Amino acid sequence: MAGKVTAIMNRKNLNRTQMLVLTSMIFAAALVLAVVENMLPPLPVPVPGVKFGLSNIAVMYALFFLGKKQAYAIGILKSVFVFITRGGIAGLLSITGGILSITVMILLMAIFKDKITYLVISIFGAVSHNIGQFIVITVIYTGMNMWAYFPVLLISGLAAGIVTSTLLRFIMPAFNRLA
Amino acid sequence: MKFYKRTDIAVILCILAVSAVSWGVYNYFFTGSQVRAEIYYYSELVETVDLAEGKDTTFSIPQDRNVIFHQYPDGSIAFVESDCPDKVCIHAGRQKTAGQFAACLPNGIVLKIVPEKEAGGEDADIVI
């Protein structure tokens with residue numbers, strides 16, 4: 001049993017079925033995190049739609065330990081889920097924010113390799129998620145004055161990045177036990 | 001990769017500094033007294049409200065009678081009632097300064113504060 005755990009930790013040993021199942025379970029975890037987050041009371045911040053993005057914990061885990069394709073798959077499927085449950089615009093926001101966020105995190109990991117920490121990657125992921133959503137809103141509705149909400153974007157992304165990376169650190173043992 | 005390094009604090013401070021600077025830029029350029037509110041319905045301008053008049057009224061746009069706005073005497077305007085599930089628009093509160101906006105996305109309504117005078121090119125709405 002211990003041999004199997006270490007084999008799955010070293011993901012190169014996974015066959016396609018094992019990877020598929022593991023990715024699906026992480027995707028399910030992402031959905032559960034999103035549902036739980038919706039149940040929390042709304043933050044008393046004077047900006048619409050600021051949230052922690054707890055489901056990004058699962059996406060980040062997928063990116064760090066499963067692979068780029070798996071992370072993108074989870075991000076896209078999550079957006080489809082949002083599209084089905086909350087409507088077209090929410091789905092569009094989710095997919096642009098998600099894809100931009102994952103791409104930025106991949107770039108950071110490629111450029112900095114080991115010199116960067118999970119915390120910084122998480123922060124930039126959250127901030128770029130917010131920026132992606134904001135760009136969508138600017139494009140769909142008439143041109144908005146972005147400067148008004150740029151500080152809020154940055155700070156909420158910063159806070160969300162800190163929260164999600166800390167939670168990821170605590171949840172890691174549980175994720176690993178999925179194997 | 002580690003989870004956290006001391007140098008991360010520098011990154012966080014940088015981000016805070018950038019947000020402080022852009023907040024300062026926003027306040028310096030865009031805070032003025034002459035503003036009006038524009039209400040858009042699916043990107044089409046349907047109503048303009050001059051906030052300098054200091055009226056105190058409750059109204060809604062003819063396209064959607066379920067969303068109600070309130071204009072306050074201190075020159076601000078807010079969503080007060082809406083039939084959307086999340087009520088994000090109402091939580092946004094009172095809008096007062098040029099550049100602020102609130103939106104009820106499920107209903108396609110956007111409330112935008114613009115300066116009274118179209119100030120040349122500096123007041124750019126960034127259209128991507």
# chains A, B, ... in the order shown; residues from 1 in each chain; ligands from 1
>>> closest_atom_pairs(of="chain B", to="chain A", cutoff="7 Å", atoms="only C-alpha atoms", output="JSON lines")
{"residue": "B:Met1", "atom": "CA", "partner": "A:Asp114", "partner_atom": "CA", "distance": 5.4}
{"residue": "B:Lys2", "atom": "CA", "partner": "A:Thr117", "partner_atom": "CA", "distance": 5.2}
{"residue": "B:Phe3", "atom": "CA", "partner": "A:Tyr118", "partner_atom": "CA", "distance": 4.7}
{"residue": "B:Tyr4", "atom": "CA", "partner": "A:Thr117", "partner_atom": "CA", "distance": 5.5}
{"residue": "B:Lys5", "atom": "CA", "partner": "A:Thr117", "partner_atom": "CA", "distance": 6.7}
{"residue": "B:Asp8", "atom": "CA", "partner": "A:Val120", "partner_atom": "CA", "distance": 6.7}
{"residue": "B:Ile15", "atom": "CA", "partner": "A:Leu154", "partner_atom": "CA", "distance": 6.9}
{"residue": "B:Leu16", "atom": "CA", "partner": "A:Ile155", "partner_atom": "CA", "distance": 7.0}
{"residue": "B:Ser19", "atom": "CA", "partner": "A:Pro151", "partner_atom": "CA", "distance": 4.2}
{"residue": "B:Ala20", "atom": "CA", "partner": "A:Pro151", "partner_atom": "CA", "distance": 6.8}
{"residue": "B:Ser22", "atom": "CA", "partner": "A:Pro151", "partner_atom": "CA", "distance": 6.3}
{"residue": "B:Trp23", "atom": "CA", "partner": "A:Pro151", "partner_atom": "CA", "distance": 5.9}
{"residue": "B:Tyr26", "atom": "CA", "partner": "A:Ala148", "partner_atom": "CA", "distance": 6.0}
{"residue": "B:Ser43", "atom": "CA", "partner": "A:Tyr141", "partner_atom": "CA", "distance": 5.3}
{"residue": "B:Val88", "atom": "CA", "partner": "A:Pro48", "partner_atom": "CA", "distance": 5.3}
{"residue": "B:Cys89", "atom": "CA", "partner": "A:Pro48", "partner_atom": "CA", "distance": 6.7}
{"residue": "B:His91", "atom": "CA", "partner": "A:Pro46", "partner_atom": "CA", "distance": 6.7}
{"residue": "B:Ala92", "atom": "CA", "partner": "A:Pro46", "partner_atom": "CA", "distance": 4.9}
{"residue": "B:Gly93", "atom": "CA", "partner": "A:Pro46", "partner_atom": "CA", "distance": 6.5}
{"residue": "B:Gly99", "atom": "CA", "partner": "A:Asn145", "partner_atom": "CA", "distance": 5.2}
{"residue": "B:Gln100", "atom": "CA", "partner": "A:Ala148", "partner_atom": "CA", "distance": 6.2}
{"residue": "B:Asp125", "atom": "CA", "partner": "A:Asn145", "partner_atom": "CA", "distance": 5.0}
{"residue": "B:Ile126", "atom": "CA", "partner": "A:Gly143", "partner_atom": "CA", "distance": 5.9}
{"residue": "B:Val127", "atom": "CA", "partner": "A:Gly143", "partner_atom": "CA", "distance": 4.8}
{"residue": "B:Ile128", "atom": "CA", "partner": "A:Val139", "partner_atom": "CA", "distance": 6.4}
>>> write_last_selection(atoms="N, CA, C and O atoms", output="mmCIF file, in the first residue's frame")
data_model
loop_
_atom_site.group_PDB
_atom_site.id
_atom_site.type_symbol
_atom_site.label_atom_id
_atom_site.label_comp_id
_atom_site.auth_asym_id
_atom_site.auth_seq_id
_atom_site.Cartn_x
_atom_site.Cartn_y
_atom_site.Cartn_z
ATOM 1 N N MET B 1 9.616 23.282 -4.332
ATOM 2 C CA MET B 1 9.197 24.654 -4.058
ATOM 3 C C MET B 1 8.713 24.773 -2.635
ATOM 4 O O MET B 1 8.086 23.887 -2.104
ATOM 5 N N LYS B 2 9.028 25.888 -2.051
ATOM 6 C CA LYS B 2 8.569 26.080 -0.679
ATOM 7 C C LYS B 2 7.253 26.835 -0.692
ATOM 8 O O LYS B 2 6.859 27.409 -1.695
ATOM 9 N N PHE B 3 6.631 26.873 0.478
ATOM 10 C CA PHE B 3 5.362 27.579 0.560
ATOM 11 C C PHE B 3 5.546 29.054 0.782
ATOM 12 O O PHE B 3 4.765 29.867 0.356
ATOM 13 N N TYR B 4 6.593 29.410 1.464
ATOM 14 C CA TYR B 4 6.704 30.802 1.910
ATOM 15 C C TYR B 4 8.159 31.137 2.167
ATOM 16 O O TYR B 4 8.874 30.368 2.774
ATOM 17 N N LYS B 5 8.588 32.279 1.668
ATOM 18 C CA LYS B 5 9.943 32.739 1.970
ATOM 19 C C LYS B 5 9.853 34.150 2.500
ATOM 20 O O LYS B 5 8.882 34.867 2.252
ATOM 21 N N ASP B 8 8.987 36.958 0.188
ATOM 22 C CA ASP B 8 7.601 37.133 -0.259
ATOM 23 C C ASP B 8 7.012 38.417 0.279
ATOM 24 O O ASP B 8 6.130 39.017 -0.344
ATOM 25 N N ILE B 15 2.829 44.900 -4.163
ATOM 26 C CA ILE B 15 1.446 44.910 -4.632
ATOM 27 C C ILE B 15 0.644 45.956 -3.879
ATOM 28 O O ILE B 15 -0.155 46.698 -4.468
ATOM 29 N N LEU B 16 0.854 46.034 -2.565
ATOM 30 C CA LEU B 16 0.132 47.048 -1.791
ATOM 31 C C LEU B 16 0.502 48.447 -2.257
ATOM 32 O O LEU B 16 -0.351 49.330 -2.359
ATOM 33 N N SER B 19 -1.268 49.237 -5.487
ATOM 34 C CA SER B 19 -2.690 49.553 -5.310
ATOM 35 C C SER B 19 -2.861 50.909 -4.645
ATOM 36 O O SER B 19 -3.783 51.652 -4.987
ATOM 37 N N ALA B 20 -1.980 51.264 -3.718
ATOM 38 C CA ALA B 20 -2.075 52.587 -3.090
ATOM 39 C C ALA B 20 -1.868 53.685 -4.124
ATOM 40 O O ALA B 20 -2.590 54.682 -4.149
ATOM 41 N N SER B 22 -2.382 53.514 -7.415
ATOM 42 C CA SER B 22 -3.498 53.659 -8.353
ATOM 43 C C SER B 22 -4.726 54.230 -7.671
ATOM 44 O O SER B 22 -5.511 54.943 -8.289
ATOM 45 N N TRP B 23 -4.877 53.977 -6.378
ATOM 46 C CA TRP B 23 -5.982 54.599 -5.657
ATOM 47 C C TRP B 23 -5.760 56.105 -5.560
ATOM 48 O O TRP B 23 -6.670 56.907 -5.702
ATOM 49 N N TYR B 26 -6.492 57.650 -8.927
ATOM 50 C CA TYR B 26 -7.935 57.723 -9.143
ATOM 51 C C TYR B 26 -8.526 58.909 -8.389
ATOM 52 O O TYR B 26 -9.286 59.706 -8.922
ATOM 53 N N SER B 43 -26.050 47.459 -22.349
ATOM 54 C CA SER B 43 -25.117 48.326 -23.063
ATOM 55 C C SER B 43 -25.785 49.461 -23.815
ATOM 56 O O SER B 43 -25.143 50.118 -24.610
ATOM 57 N N VAL B 88 -25.939 41.472 -5.580
ATOM 58 C CA VAL B 88 -24.616 42.102 -5.602
ATOM 59 C C VAL B 88 -24.759 43.601 -5.830
ATOM 60 O O VAL B 88 -24.038 44.415 -5.259
ATOM 61 N N CYS B 89 -25.724 43.972 -6.697
ATOM 62 C CA CYS B 89 -25.918 45.392 -7.022
ATOM 63 C C CYS B 89 -26.294 46.196 -5.791
ATOM 64 O O CYS B 89 -25.830 47.325 -5.593
ATOM 65 N N HIS B 91 -25.616 45.406 -2.656
ATOM 66 C CA HIS B 91 -24.471 45.431 -1.746
ATOM 67 C C HIS B 91 -23.440 46.452 -2.165
ATOM 68 O O HIS B 91 -22.640 46.893 -1.351
ATOM 69 N N ALA B 92 -23.429 46.827 -3.433
ATOM 70 C CA ALA B 92 -22.439 47.803 -3.891
ATOM 71 C C ALA B 92 -22.663 49.160 -3.251
ATOM 72 O O ALA B 92 -21.741 49.964 -3.152
ATOM 73 N N GLY B 93 -23.877 49.407 -2.809
ATOM 74 C CA GLY B 93 -24.101 50.640 -2.047
ATOM 75 C C GLY B 93 -24.234 51.872 -2.908
ATOM 76 O O GLY B 93 -24.575 51.810 -4.079
ATOM 77 N N GLY B 99 -16.451 57.458 -12.227
ATOM 78 C CA GLY B 99 -15.682 56.233 -12.399
ATOM 79 C C GLY B 99 -16.257 55.084 -11.610
ATOM 80 O O GLY B 99 -15.999 53.927 -11.903
ATOM 81 N N GLN B 100 -17.054 55.375 -10.603
ATOM 82 C CA GLN B 100 -17.657 54.280 -9.846
ATOM 83 C C GLN B 100 -18.792 53.675 -10.653
ATOM 84 O O GLN B 100 -19.449 54.352 -11.444
ATOM 85 N N ASP B 125 -12.113 56.387 -20.824
ATOM 86 C CA ASP B 125 -12.707 55.106 -20.499
ATOM 87 C C ASP B 125 -11.870 54.092 -21.243
ATOM 88 O O ASP B 125 -11.757 54.175 -22.449
ATOM 89 N N ILE B 126 -11.320 53.156 -20.527
ATOM 90 C CA ILE B 126 -10.453 52.213 -21.231
ATOM 91 C C ILE B 126 -11.316 51.190 -21.933
ATOM 92 O O ILE B 126 -11.930 50.359 -21.296
ATOM 93 N N VAL B 127 -11.402 51.269 -23.223
ATOM 94 C CA VAL B 127 -12.168 50.299 -23.994
ATOM 95 C C VAL B 127 -11.182 49.343 -24.640
ATOM 96 O O VAL B 127 -10.303 49.761 -25.378
ATOM 97 N N ILE B 128 -11.337 48.109 -24.345
ATOM 98 C CA ILE B 128 -10.363 47.159 -24.872
ATOM 99 C C ILE B 128 -10.887 46.572 -26.166
ATOM 100 O O ILE B 128 -11.957 45.973 -26.145
#
>>> closest_residue(among="B:Val35, B:Val25, B:Leu51, B:Val110", to="Gly75 of chain B", atoms="only C-alpha atoms")
B:Leu51
>>> select_by_dssp(residues="chain B", states="alpha helix (DSSP H)", output="PyMOL selection string")
chain B and resi 8-30+88-91
>>> residues_around(residues="Leu33 of chain A", least_positions_apart="3", cutoff="6 Å", atoms="only C-alpha atoms", output="ChimeraX atom specification")
/A:30,36,54-55
